[in-house]
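Enquirer: One structure is given below, represented as structure tokens, and several questions about it will come after.
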Amino acid sequence: MTNKELKLKSVFLRKSLLKYIYNAKAGHTGGSLSCVDTLNVLYNRVLNVDPNDFKNPNRDRYIQSKGHCVEALFVTLADRGFFPMSDLETLCQHKSHYIGHPTKKVNGVEQNTGALGHGLPICVGEAISAKLDGKTHRVYTLLGDGELPEGSNWEAFLAAAHYKLDNLYAILDYNKQQITGDNSEVMNTDSVSEKLQSFGWAVKEVDGHNLEELEAALNSGPLEAGKPNFIIAHTVKGKGVSYMERNLKWHHGVPTPEQYELALSELNEAEALI
Amino acid sequence: MGIANQVVFSETMQQLAETDKDIIAVTSDSRGSGKLVPFAQKYPNQIVEVGIAEQNLVGVAAGLASAGKKAFAVSPACFLSARALEQIKNDVCYSDNPVTLVGISSGISYGALGTTHHSLHDYAALRAINNITIVAPADNFETEQAVKLAAKHNKPVYMRFGKKAMPFLDETNSDFEFGKGRIVRNGGDLAIIACGETVYPAWLAAKKLEDEHGIKTTVVSMHTIKPLDVKLLENLAENGRPIITVEEHMVYGGLGEACASHLMQNGYKNSFKIMGIPDEYTVTGSQVEIFNYYGISRDGIYKTGKKLLKI
């Protein structure tokens, strides 16, 4: 896949996740749009995973701690061949496995997540296990900035550094907003880079909508031998749809038919410019 | 007299680790109280210490289990089953990661350390979660069997062990499997269903009832609280004899209510008494003193038996 095709893929994934949120009349729109570039890069450039052999013990692990942005994950997995995209027509419907948070009933999903502050400790266990067995696969998690205040994250930050888990990559989808307001108003987590460095992590900051920067950071091998990797992806909540960007209304807003058409036309324009 | 069940737990872990490098103990600064110091010395690569951080303890254990390890997450039962409850619910049970959660110094083993250190809620809390087997072994035999079974069970298990040395109970049935109660004494006049460290006083009470009144009592170690051995329970209820349940747990939501619920919903009308810790500020004292105060003792269970039998 060329870099141009990868960029087109990001637009396609944005259109797809909006389509299924619009159909289901439910979803976490703003956060899915902020993290979908990261997912695109992970699944198309970084992760060693095979849709037809998902349980291969040597696969890279990806556990989405910010489970509520499942729509971004589902469209990425479907596009990568883990299941037919049309399955998502049942999103949030009675008896569908495609619910509002990731579950292992869906091919390609590693863990059931949704409660915040759970992904990283599980990844620490996965990464310790890989080290014990001398395996070289890597373990990735995606954290939301709104979930940083969960104490379990900080327990796991300590443990990952203690065990020198340089096979572990925690990516922060740093859109700086959460349901109630800006992070800085709700619970200030400023200086997150300094905080993580003081905990013994190697930290890299990137533009979370720049696919080349994301790929370089996520595919680099350990940033520093013997230290877990913390990738701060600076993102924009609602990225790609002008009226959704940085507008908290779209945390879990569902577009009206007119708004949906407007979003699609904006994304089509963006596509034409790539 | 045997030894404390949690010492047997540690010894069994060492036996298992000798031939299985996938056995991993995960501890939260709890290897001392979990009697795992010898295990850690012998198998330093098979213990993962997370410090005093129970949420991380269970999350890390879930990750290890997901990667194929036989993870035993060991922490005092009071903290494990309360502080890490969401991790147990989501990361272990809902995600079906086959962790064995080991609650040490359970119930009121910590005695005078007080309510912060008691686990009188764990059966109730965990019974309300799907996909977990809850086990409270009565003696050293059951403990060894339970740990060995958990290692190959490949599903979430919670087991709890106390600090007190436990006698070997009479065995009329030495088979052990999860979900099958173990009859440690037989008799048709009365049934006492107990679990964990309360099976021994139940057995002593049964002996006293026979010695002093000729009353024949069946005593069951209902080591698996969930799934409950409902077939055995129905067999016990069948001849209409009175039934007493005894547990080191609050009277709400534990073994007794599980038995009562099944019996009532299936038409049994036996006279029935749940013995445990009542819903009150728990009296202070050692485990034995607290047991005696609430009647979880030979004489307390004996008196309850006489009352139900109207003698």
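Just so we're on the same page: first chain in the structure tokens is A, next is B, and so on; residues restart at 1 for each chain, and ligands are numbered from 1 in the order they show up.
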Based on the backbone DSSP call, show me all residues of range 28-163 of chain B assigned strand (DSSP E), as a list in words.

Expert: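 Everything in range 28-163 of chain B that counts as strand (DSSP E) is Ile47, Val48, Glu49, Lys70, Ala71, Phe72, Ala73, Val74, Ser75, Pro76, Thr100, Leu101, Val102, Gly103, Ile104, Thr133, Ile134, Val135, Val157, Tyr158, Met159 and Arg160 of chain B.
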
Enquirer: Residues of range 92-190 of chain A in helix (DSSP H, G or I) according to DSSP, as a PyMOL selection string?

Expert: chain A and resi 119-132+145-147+151-162+183-186

Enquirer: With N, CA and C atoms retained, could you export that selection as a CSV table (one decimal), in the first residue's frame?

Expert:
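This is the output file out_31.csv:
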chain,number,residue,atom,x,y,z
A,119,GLY,N,-7.0,-1.5,29.9
A,119,GLY,CA,-6.2,-2.0,28.8
A,119,GLY,C,-4.7,-2.1,29.2
A,120,LEU,N,-4.2,-1.1,29.8
A,120,LEU,CA,-2.7,-1.1,30.1
A,120,LEU,C,-2.3,-2.3,31.0
A,121,PRO,N,-2.9,-2.5,32.2
A,121,PRO,CA,-2.5,-3.6,33.0
A,121,PRO,C,-2.5,-5.0,32.3
A,122,ILE,N,-3.5,-5.2,31.4
A,122,ILE,CA,-3.6,-6.4,30.7
A,122,ILE,C,-2.4,-6.5,29.7
A,123,CYS,N,-2.1,-5.4,29.1
A,123,CYS,CA,-0.9,-5.3,28.2
A,123,CYS,C,0.4,-5.6,28.9
A,124,VAL,N,0.5,-5.1,30.2
A,124,VAL,CA,1.7,-5.4,31.0
A,124,VAL,C,1.8,-6.9,31.2
A,125,GLY,N,0.7,-7.6,31.5
A,125,GLY,CA,0.8,-9.0,31.6
A,125,GLY,C,1.2,-9.7,30.3
A,126,GLU,N,0.6,-9.3,29.2
A,126,GLU,CA,1.0,-9.8,27.9
A,126,GLU,C,2.5,-9.6,27.6
A,127,ALA,N,2.9,-8.4,27.9
A,127,ALA,CA,4.3,-8.1,27.6
A,127,ALA,C,5.3,-8.8,28.5
A,128,ILE,N,4.9,-9.0,29.7
A,128,ILE,CA,5.8,-9.8,30.6
A,128,ILE,C,5.9,-11.3,30.1
A,129,SER,N,4.7,-11.8,29.7
A,129,SER,CA,4.7,-13.1,29.2
A,129,SER,C,5.6,-13.3,28.0
A,130,ALA,N,5.5,-12.3,27.1
A,130,ALA,CA,6.4,-12.4,25.9
A,130,ALA,C,7.8,-12.4,26.3
A,131,LYS,N,8.2,-11.6,27.2
A,131,LYS,CA,9.6,-11.5,27.7
A,131,LYS,C,10.0,-12.9,28.3
A,132,LEU,N,9.1,-13.4,29.1
A,132,LEU,CA,9.4,-14.7,29.8
A,132,LEU,C,9.7,-15.8,28.8
A,145,ASP,N,-7.1,10.2,26.7
A,145,ASP,CA,-6.6,11.1,27.7
A,145,ASP,C,-7.6,11.3,28.8
A,146,GLY,N,-8.9,11.1,28.5
A,146,GLY,CA,-9.9,11.2,29.6
A,146,GLY,C,-9.8,10.0,30.6
A,147,GLU,N,-9.1,8.9,30.3
A,147,GLU,CA,-9.0,7.8,31.2
A,147,GLU,C,-7.7,7.9,32.0
A,151,GLY,N,-6.7,5.3,38.4
A,151,GLY,CA,-5.5,4.9,39.2
A,151,GLY,C,-4.8,3.6,38.7
A,152,SER,N,-5.6,2.7,38.1
A,152,SER,CA,-5.0,1.5,37.6
A,152,SER,C,-4.0,1.8,36.5
A,153,ASN,N,-4.1,2.8,35.7
A,153,ASN,CA,-3.1,3.2,34.7
A,153,ASN,C,-1.8,3.5,35.4
A,154,TRP,N,-1.8,4.2,36.5
A,154,TRP,CA,-0.6,4.6,37.1
A,154,TRP,C,0.1,3.4,37.8
A,155,GLU,N,-0.7,2.5,38.3
A,155,GLU,CA,-0.2,1.2,38.8
A,155,GLU,C,0.6,0.5,37.7
A,156,ALA,N,0.0,0.5,36.5
A,156,ALA,CA,0.6,-0.2,35.4
A,156,ALA,C,1.8,0.5,34.8
A,157,PHE,N,1.7,1.9,34.9
A,157,PHE,CA,2.9,2.7,34.4
A,157,PHE,C,4.1,2.3,35.3
A,158,LEU,N,3.9,2.1,36.6
A,158,LEU,CA,5.0,1.7,37.5
A,158,LEU,C,5.6,0.3,37.1
A,159,ALA,N,4.6,-0.6,36.9
A,159,ALA,CA,5.0,-2.0,36.7
A,159,ALA,C,5.7,-2.1,35.3
A,160,ALA,N,5.3,-1.4,34.3
A,160,ALA,CA,5.9,-1.6,33.0
A,160,ALA,C,7.3,-1.1,33.0
A,161,ALA,N,7.6,0.0,33.7
A,161,ALA,CA,9.0,0.4,33.8
A,161,ALA,C,9.8,-0.5,34.7
A,162,HIS,N,9.2,-1.0,35.8
A,162,HIS,CA,9.9,-1.9,36.7
A,162,HIS,C,10.4,-3.2,35.9
A,183,ASN,N,-9.8,18.5,29.2
A,183,ASN,CA,-9.1,17.7,30.3
A,183,ASN,C,-8.6,18.7,31.3
A,184,SER,N,-8.1,19.8,30.9
A,184,SER,CA,-7.4,20.7,31.8
A,184,SER,C,-8.5,21.3,32.9
A,185,GLU,N,-9.7,21.3,32.5
A,185,GLU,CA,-10.8,21.7,33.4
A,185,GLU,C,-11.3,20.5,34.3
A,186,VAL,N,-11.4,19.4,33.7
A,186,VAL,CA,-12.0,18.2,34.4
A,186,VAL,C,-11.0,17.6,35.4

Enquirer: Could you check how far CA of Ile192 in chain B sits from CA of Thr100 in chain B, in Å to one decimal?

Expert: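 Atom-to-atom, CA of Ile192 in chain B to CA of Thr100 in chain B, that is 28.2 Å.
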
Enquirer: Quick one: residues within 7 Å of range 65-81 of chain B, only C-alpha atoms, excluding same-chain residues fewer than 5 positions away - as a PyMOL selection string?

Expert: (chain A and resi 126+129) or (chain B and resi 22-28+30+34+54+57-58+97-106+117-119+122+151+160)

Enquirer: Okay, now the selection with N, CA and C atoms, as an mmCIF file, in the first residue's frame?

Expert:
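Here's the written file out_18.cif:
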data_model
loop_
_atom_site.group_PDB
_atom_site.id
_atom_site.type_symbol
_atom_site.label_atom_id
_atom_site.label_comp_id
_atom_site.auth_asym_id
_atom_site.auth_seq_id
_atom_site.Cartn_x
_atom_site.Cartn_y
_atom_site.Cartn_z
ATOM 1 N N GLU A 126 0.616 -9.252 29.191
ATOM 2 C CA GLU A 126 0.966 -9.815 27.870
ATOM 3 C C GLU A 126 2.453 -9.588 27.573
ATOM 4 N N SER A 129 4.694 -11.772 29.708
ATOM 5 C CA SER A 129 4.652 -13.144 29.195
ATOM 6 C C SER A 129 5.559 -13.303 27.977
ATOM 7 N N ASP B 22 4.787 -22.775 32.890
ATOM 8 C CA ASP B 22 3.727 -21.785 32.670
ATOM 9 C C ASP B 22 2.990 -21.405 33.956
ATOM 10 N N ILE B 23 3.252 -22.118 35.042
ATOM 11 C CA ILE B 23 2.646 -21.725 36.333
ATOM 12 C C ILE B 23 3.308 -20.428 36.789
ATOM 13 N N ILE B 24 2.492 -19.387 36.966
ATOM 14 C CA ILE B 24 3.020 -18.086 37.396
ATOM 15 C C ILE B 24 2.216 -17.590 38.591
ATOM 16 N N ALA B 25 2.923 -17.243 39.668
ATOM 17 C CA ALA B 25 2.248 -16.586 40.800
ATOM 18 C C ALA B 25 2.410 -15.083 40.623
ATOM 19 N N VAL B 26 1.306 -14.363 40.722
ATOM 20 C CA VAL B 26 1.353 -12.903 40.661
ATOM 21 C C VAL B 26 1.009 -12.401 42.067
ATOM 22 N N THR B 27 1.872 -11.574 42.625
ATOM 23 C CA THR B 27 1.683 -11.180 44.024
ATOM 24 C C THR B 27 1.684 -9.666 44.175
ATOM 25 N N SER B 28 1.010 -9.203 45.226
ATOM 26 C CA SER B 28 0.936 -7.767 45.506
ATOM 27 C C SER B 28 1.576 -7.528 46.877
ATOM 28 N N SER B 30 2.570 -9.726 48.666
ATOM 29 C CA SER B 30 1.806 -10.679 49.474
ATOM 30 C C SER B 30 2.454 -12.056 49.507
ATOM 31 N N GLY B 34 1.149 -15.067 51.683
ATOM 32 C CA GLY B 34 0.724 -16.165 50.817
ATOM 33 C C GLY B 34 1.618 -17.385 50.926
ATOM 34 N N GLU B 54 -3.726 -3.866 43.711
ATOM 35 C CA GLU B 54 -4.560 -5.043 43.417
ATOM 36 C C GLU B 54 -5.223 -4.971 42.047
ATOM 37 N N LEU B 57 -2.687 -6.066 39.762
ATOM 38 C CA LEU B 57 -2.460 -7.501 40.009
ATOM 39 C C LEU B 57 -3.377 -8.334 39.126
ATOM 40 N N VAL B 58 -4.656 -7.993 39.139
ATOM 41 C CA VAL B 58 -5.628 -8.806 38.402
ATOM 42 C C VAL B 58 -5.526 -8.532 36.898
ATOM 43 N N ASN B 97 -10.530 -14.868 30.660
ATOM 44 C CA ASN B 97 -9.109 -15.178 30.818
ATOM 45 C C ASN B 97 -8.964 -16.074 32.051
ATOM 46 N N PRO B 98 -8.385 -17.275 31.864
ATOM 47 C CA PRO B 98 -8.439 -18.285 32.926
ATOM 48 C C PRO B 98 -7.466 -18.033 34.084
ATOM 49 N N VAL B 99 -7.718 -16.977 34.818
ATOM 50 C CA VAL B 99 -6.911 -16.656 35.995
ATOM 51 C C VAL B 99 -7.472 -17.413 37.195
ATOM 52 N N THR B 100 -6.588 -17.885 38.070
ATOM 53 C CA THR B 100 -7.029 -18.370 39.373
ATOM 54 C C THR B 100 -6.766 -17.256 40.383
ATOM 55 N N LEU B 101 -7.835 -16.753 40.956
ATOM 56 C CA LEU B 101 -7.730 -15.680 41.950
ATOM 57 C C LEU B 101 -7.640 -16.343 43.321
ATOM 58 N N VAL B 102 -6.574 -16.073 44.033
ATOM 59 C CA VAL B 102 -6.349 -16.745 45.311
ATOM 60 C C VAL B 102 -6.451 -15.730 46.443
ATOM 61 N N GLY B 103 -7.549 -15.810 47.176
ATOM 62 C CA GLY B 103 -7.760 -14.914 48.318
ATOM 63 C C GLY B 103 -7.166 -15.555 49.563
ATOM 64 N N ILE B 104 -6.098 -14.958 50.061
ATOM 65 C CA ILE B 104 -5.454 -15.532 51.243
ATOM 66 C C ILE B 104 -5.947 -14.822 52.504
ATOM 67 N N SER B 105 -5.712 -15.475 53.643
ATOM 68 C CA SER B 105 -6.130 -14.939 54.953
ATOM 69 C C SER B 105 -7.583 -14.467 54.871
ATOM 70 N N SER B 106 -8.424 -15.369 54.386
ATOM 71 C CA SER B 106 -9.781 -14.992 54.005
ATOM 72 C C SER B 106 -10.732 -14.960 55.200
ATOM 73 N N HIS B 117 -9.778 -5.749 57.022
ATOM 74 C CA HIS B 117 -9.030 -6.939 56.622
ATOM 75 C C HIS B 117 -9.894 -8.203 56.555
ATOM 76 N N HIS B 118 -11.197 -8.048 56.770
ATOM 77 C CA HIS B 118 -12.089 -9.210 56.679
ATOM 78 C C HIS B 118 -12.693 -9.306 55.275
ATOM 79 N N SER B 119 -12.886 -10.524 54.802
ATOM 80 C CA SER B 119 -13.635 -10.694 53.542
ATOM 81 C C SER B 119 -14.896 -11.485 53.868
ATOM 82 N N ASP B 122 -17.113 -11.669 49.837
ATOM 83 C CA ASP B 122 -16.546 -12.158 48.567
ATOM 84 C C ASP B 122 -17.444 -13.157 47.843
ATOM 85 N N ALA B 151 -5.276 -25.347 38.098
ATOM 86 C CA ALA B 151 -4.180 -25.188 37.133
ATOM 87 C C ALA B 151 -4.541 -25.750 35.762
ATOM 88 N N ARG B 160 -10.368 -19.360 48.210
ATOM 89 C CA ARG B 160 -9.915 -18.618 49.389
ATOM 90 C C ARG B 160 -9.417 -19.583 50.460
#

Enquirer: So that I can check the surroundings of Pro222 in chain A, please list as an MDAnalysis selection string every protein, DNA and RNA residue that reaches within 8 Å of it, counting only C-alpha atoms and ignoring chain neighbours fewer than 4 positions away.

Expert: chainID A and resid 166:167 226:229

Enquirer: Using only C-alpha atoms, which of A:Glu71, A:Glu5, A:Glu258, A:Asp50 sits nearest Ile21 in chain A?

Expert: A:Glu71

Enquirer: Give me, as number ranges by chain, the contact residues of chain B against chain A at a cut-off of 9 Å, counting only C-alpha atoms.

Expert: B: 45-46, 48-69, 86-87, 90-91, 94-96

Enquirer: Write to file, as a tab-separated table (two decimals), in the first residue's frame, the residues of the selection just made, with C-alpha atoms.

Expert:
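What ended up in out-v5.tsv:
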chain	number	residue	atom	x	y	z
B	45	ASN	CA	11.14	-16.62	36.92
B	46	GLN	CA	7.67	-17.82	37.80
B	48	VAL	CA	5.57	-11.60	39.07
B	49	GLU	CA	5.49	-8.98	41.81
B	50	VAL	CA	3.34	-5.91	41.19
B	51	GLY	CA	3.62	-4.21	44.57
B	52	ILE	CA	0.57	-3.16	46.55
B	53	ALA	CA	-1.68	-2.58	43.54
B	54	GLU	CA	-4.56	-5.04	43.42
B	55	GLN	CA	-6.20	-3.66	40.28
B	56	ASN	CA	-2.94	-4.07	38.40
B	57	LEU	CA	-2.46	-7.50	40.01
B	58	VAL	CA	-5.63	-8.81	38.40
B	59	GLY	CA	-5.16	-6.95	35.10
B	60	VAL	CA	-1.60	-8.27	34.73
B	61	ALA	CA	-2.76	-11.78	35.64
B	62	ALA	CA	-5.46	-11.51	32.94
B	63	GLY	CA	-2.81	-10.52	30.40
B	64	LEU	CA	-0.56	-13.40	31.43
B	65	ALA	CA	-3.48	-15.84	31.21
B	66	SER	CA	-4.48	-14.47	27.83
B	67	ALA	CA	-0.94	-15.17	26.65
B	68	GLY	CA	-1.21	-18.79	27.78
B	69	LYS	CA	0.21	-18.67	31.31
B	86	GLU	CA	-14.03	-4.56	38.29
B	87	GLN	CA	-10.89	-6.23	36.97
B	90	ASN	CA	-14.24	-7.55	33.13
B	91	ASP	CA	-10.66	-8.67	32.59
B	94	TYR	CA	-16.14	-11.28	30.94
B	95	SER	CA	-13.01	-11.63	28.81
B	96	ASP	CA	-12.78	-15.29	29.89

Enquirer: Please list as a CSV table (one decimal) with N, CA and C atoms, in the first residue's frame every residue within 8 Å of Tyr169 in chain A, counting only C-alpha atoms and excluding residues in the same chain fewer than 3 positions away.

Expert:
chain,number,residue,atom,x,y,z
A,138,ARG,N,5.2,-7.6,19.7
A,138,ARG,CA,5.0,-6.4,20.5
A,138,ARG,C,3.6,-6.3,20.9
A,139,VAL,N,3.4,-5.5,22.0
A,139,VAL,CA,2.1,-5.3,22.6
A,139,VAL,C,1.7,-3.8,22.6
A,140,TYR,N,0.6,-3.5,22.0
A,140,TYR,CA,0.1,-2.1,21.8
A,140,TYR,C,-1.2,-1.9,22.6
A,141,THR,N,-1.3,-0.7,23.1
A,141,THR,CA,-2.6,-0.3,23.7
A,141,THR,C,-2.9,1.1,23.3
A,166,ASP,N,10.2,-3.0,27.1
A,166,ASP,CA,10.4,-2.2,25.9
A,166,ASP,C,9.6,-2.8,24.7
A,218,LEU,N,5.6,4.2,15.8
A,218,LEU,CA,5.1,2.9,16.2
A,218,LEU,C,5.9,1.7,15.7
A,228,PRO,N,9.6,1.0,28.5
A,228,PRO,CA,8.4,1.0,27.8
A,228,PRO,C,8.2,2.2,27.0
A,229,ASN,N,7.4,2.1,25.9
A,229,ASN,CA,7.3,3.3,24.9
A,229,ASN,C,5.9,4.0,25.1
A,230,PHE,N,6.0,5.3,25.3
A,230,PHE,CA,4.7,6.1,25.4
A,230,PHE,C,4.7,7.0,24.2
A,231,ILE,N,3.7,6.8,23.3
A,231,ILE,CA,3.6,7.6,22.2
A,231,ILE,C,2.4,8.6,22.4

Enquirer: Write out as a list in words each polymer residue whose atoms come within 7 Å of range 12-17 of chain A, counting only C-alpha atoms; drop sequence neighbours fewer than 3 positions from it.

Expert: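 Final neighbour list, sorted by chain and number: Leu8, Lys9, Tyr20, Ile21, Leu33, Glu71, Ala72, Val75, Thr76 and Leu264 of chain A.
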
Enquirer: Would you compute the distance between CA of Ile3 in chain B and CA of Asn140 in chain B? Give it in Å to one decimal.

Expert: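 Between these atoms lies a distance of 7.0 Å.
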
Enquirer: My list of candidates is B:Val199, B:Lys307, B:Ala17, B:Glu234. Which is closest to Ser261 in chain B when distances are computed with only C-alpha atoms?

Expert: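 Of B:Val199, B:Lys307, B:Ala17, B:Glu234, the one nearest Ser261 in chain B, counting only C-alpha atoms, is B:Glu234.
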